[in-house]
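A.B. asks: Okay, here's the structure, questions in a sec.
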Amino acid sequence: MKTCAIIPVSRFTHAKTRLSPTLSPSEREGLLKAMLMDVSGALARHVDRVLVISADEDVLEYAYSLGLKILEEEGERDLNGALEQAMDFCAPEFDRVIITPSDIPLIGKADVSNLLDHASRSDVVIAPAKGGGTNTLILRPSAMSLRFGDCSFFEHIREARERGLSVSVYDSFYLSLDVNTAEDLGEIILHGEGTHAREYLRKLRFTVKPSRGSDRLEVSRSP
């Protein structure tokens with residue numbers, strides 16, 4: 001079954017603003033580039049094509065430099081609109097798509113081949129994110145409407161069942177970890193051996209240790 005991976009990427013200038021207390025704008029851009037290398041590299045070993053869709057020319061140029069197929073967003077679209085454009089683009093050539101965000105750098109630690117095997121037995125495969133989001137979605141192009149946003153994991157299950165589609169939930173720590181907070185950076189440092197994201201954070205001299213406060217991990221930068 002011919003498969004295309006779709007990775008939507010926001011503008012570099014808008015990247016990971018929730019990390020502003022921890023990383024400068026240029027550092028956030030560098031982290032996003034490192035994570036895109038991790039995500040696209042992990043997927044490229046298991047799919048026929050990796051497609052990056054973005055409204056940002058700098059993102060598209062960088063993705064092209066990685067050898068990825070690129071697609072520019074048409075007009076002003078939200079995330080779901082951009083992904084629907086990408087699925088329409090893929091439909092003539094591919095039997096299924098796997099949609100993943102660009103900020104799950106530990107995807108290479110997950111068993112991507114097993115994840116795709118689930119898709120051979122179900123119409124839709126969903127890997128949940130922390131907090132009720134969706135970090136991986138596998139389906140036939142345009143098999144159902146996309147519901148990325150708050151609590152999208154439950155919205156995607158509801159949408160699939162309303163369409164009469166069978167659903168498989170693929171629960172994985174590595175796929176659930178998207179990067180939005182300093183504590184998430186700590187998880188990359190702890191669990192991301194061999195990833196570009198971990199190497200990048202190490203170059204920025206970040207360290208992590210258990211926390212006695214409300215967060216599980218204390219992330220700091222060495223002088």
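Naming works like this for the structure tokens: A, B, ... for the chains as they're shown, residue 1 at the start of each chain, ligands 1 onward in shown order.
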Can you tell me, as a ChimeraX atom specification, what residues are no more than 7 Å from stretch 183-195 of chain A when counting only C-alpha atoms, ignoring any on the same chain fewer than 5 positions away?
C.D. replies: /A:38,106,208,217-219
A.B. asks: Find the residues near stretch 70-73 of chain A: any atom within 7 Å, counting only C-alpha atoms, skip ones fewer than 5 places away on the same chain, and give them as JSON, numbers by chain.
C.D. replies: {"A": [51, 52, 53, 54, 55, 60, 63, 64, 82]}
A.B. asks: Dump C-alpha atoms for the selected residues as a PDB file, in the first residue's frame?
C.D. replies:
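And here's result-v2.pdb as it stands now:
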```pdb
ATOM      1  CA  LEU A  51       5.565  15.810   2.226  1.00  0.00           C
ATOM      2  CA  VAL A  52       5.951  19.058   4.158  1.00  0.00           C
ATOM      3  CA  ILE A  53       3.195  21.644   3.827  1.00  0.00           C
ATOM      4  CA  SER A  54       3.706  25.190   5.059  1.00  0.00           C
ATOM      5  CA  ALA A  55       2.885  28.815   4.302  1.00  0.00           C
ATOM      6  CA  LEU A  60       9.761  25.027   2.502  1.00  0.00           C
ATOM      7  CA  ALA A  63      12.476  21.025   3.925  1.00  0.00           C
ATOM      8  CA  TYR A  64      13.596  20.939   0.293  1.00  0.00           C
ATOM      9  CA  ALA A  82      -3.847  22.924   5.110  1.00  0.00           C
TER      10      ALA A  82
END
```
A.B. asks: DSSP on the backbone, then: every residue of stretch 89-210 of chain A marked alpha helix (DSSP H), written as number ranges by chain.
C.D. replies: A: 89-90, 112-119, 152-162, 173-176, 182-191, 196-203
A.B. asks: Using only C-alpha atoms, which residues sit within 6 Å of A:Ile126 once same-chain residues fewer than 4 positions away are excluded, as an NGL selection string?
C.D. replies: :A and (136-137 or 169-170)
A.B. asks: To test your reading of the structure, identify every residue in stretch 14-179 of chain A that backbone DSSP assigns to strand (DSSP E or B), and report it as a list in words.
C.D. replies: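 Result set for stretch 14-179 of chain A (strand (DSSP E or B)): Arg49, Val50, Leu51, Val52, Ile53, Ser54, Lys69, Ile70, Leu71, Glu72, Arg96, Val97, Ile98, Ile99, Val124, Val125, Ile126, Ala127, Pro128, Thr134, Asn135, Thr136, Leu137, Ile138, Leu139, Val167, Ser168 and Val169 of chain A.
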A.B. asks: One decimal, Å: what's the distance from atom CA of A:Glu155 over to atom CA of A:His46, could you say?
C.D. replies: 27.1 Å
A.B. asks: In Å, how far is it from atom CA of A:Asp95 to atom CA of A:Lys2?
C.D. replies: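 Calculated distance between atom CA of A:Asp95 and atom CA of A:Lys2 is 5.3 Å.
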A.B. asks: Find the residues near stretch 23-29 of chain A: any atom within 12 Å, counting only C-alpha atoms, skip ones fewer than 4 places away on the same chain, and give them as a ChimeraX atom specification.
C.D. replies: /A:9-19,33-36,58-59,62,103,179-182,185,197,200-201,203-206,219-221
A.B. asks: Taking into account only C-alpha atoms, which residue in the set A:Val39, A:Val50, A:Leu139, A:Val112 is nearest to A:Ile6?
C.D. replies: A:Val50
A.B. asks: Just the residues within 8 Å of A:Leu165, please, counting only C-alpha atoms, with nothing from its chain fewer than 2 positions along; format it as a PyMOL selection string.
C.D. replies: chain A and resi 122-124+160-163+167
A.B. asks: Now that the selection is made, can you save its residues with C-alpha atoms as an mmCIF file, in the first residue's frame?
C.D. replies:
```cif
data_model
loop_
_atom_site.group_PDB
_atom_site.id
_atom_site.type_symbol
_atom_site.label_atom_id
_atom_site.label_comp_id
_atom_site.auth_asym_id
_atom_site.auth_seq_id
_atom_site.Cartn_x
_atom_site.Cartn_y
_atom_site.Cartn_z
ATOM 1 C CA SER A 122 -8.156 -0.660 10.635
ATOM 2 C CA ASP A 123 -9.526 2.168 8.537
ATOM 3 C CA VAL A 124 -8.095 4.787 10.887
ATOM 4 C CA ALA A 160 -14.394 8.150 12.261
ATOM 5 C CA ARG A 161 -17.193 6.230 13.957
ATOM 6 C CA GLU A 162 -19.822 8.542 12.501
ATOM 7 C CA ARG A 163 -18.393 7.669 9.076
ATOM 8 C CA VAL A 167 -10.526 2.783 14.558
#
```
A.B. asks: Choose the residue, out of A:Ser145, A:Leu32, A:Ala5, A:Asp56, that has the smallest atom-to-atom separation from A:Glu76; count only C-alpha atoms.
C.D. replies: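 Counting only C-alpha atoms, the residue closest to A:Glu76 is A:Asp56.
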A.B. asks: Pick the closest to A:Pro128 from A:Ser176, A:Lys109, A:Phe148, A:Ser168: which is it, counting only C-alpha atoms?
C.D. replies: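 Among A:Ser176, A:Lys109, A:Phe148, A:Ser168, it is A:Ser176 that comes nearest to A:Pro128.
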A.B. asks: Using only C-alpha atoms, which protein or nucleic acid residues come within 10 Å of A:Cys151? Drop anything in the same chain fewer than 2 positions from it, and give the result as a list in words.
C.D. replies: Pro128, Ala129, Lys130, Gly131, Gly132, Gly133, Thr134, Arg147, Phe148, Gly149, Phe153, Phe154, Glu155 and His156 of chain A
A.B. asks: Identify which of the residues A:Ala143, A:Met87, A:Leu79, A:Leu66 lies closest to A:Pro101, counting only C-alpha atoms when measuring atom-to-atom distances.
C.D. replies: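 So, comparing all the options, the nearest one is A:Leu79.
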A.B. asks: What is the atom CA of A:Glu57 to atom CA of A:Leu146 distance in Å?
C.D. replies: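 So the two atoms, atom CA of A:Glu57 and atom CA of A:Leu146, lie 24.6 Å apart.
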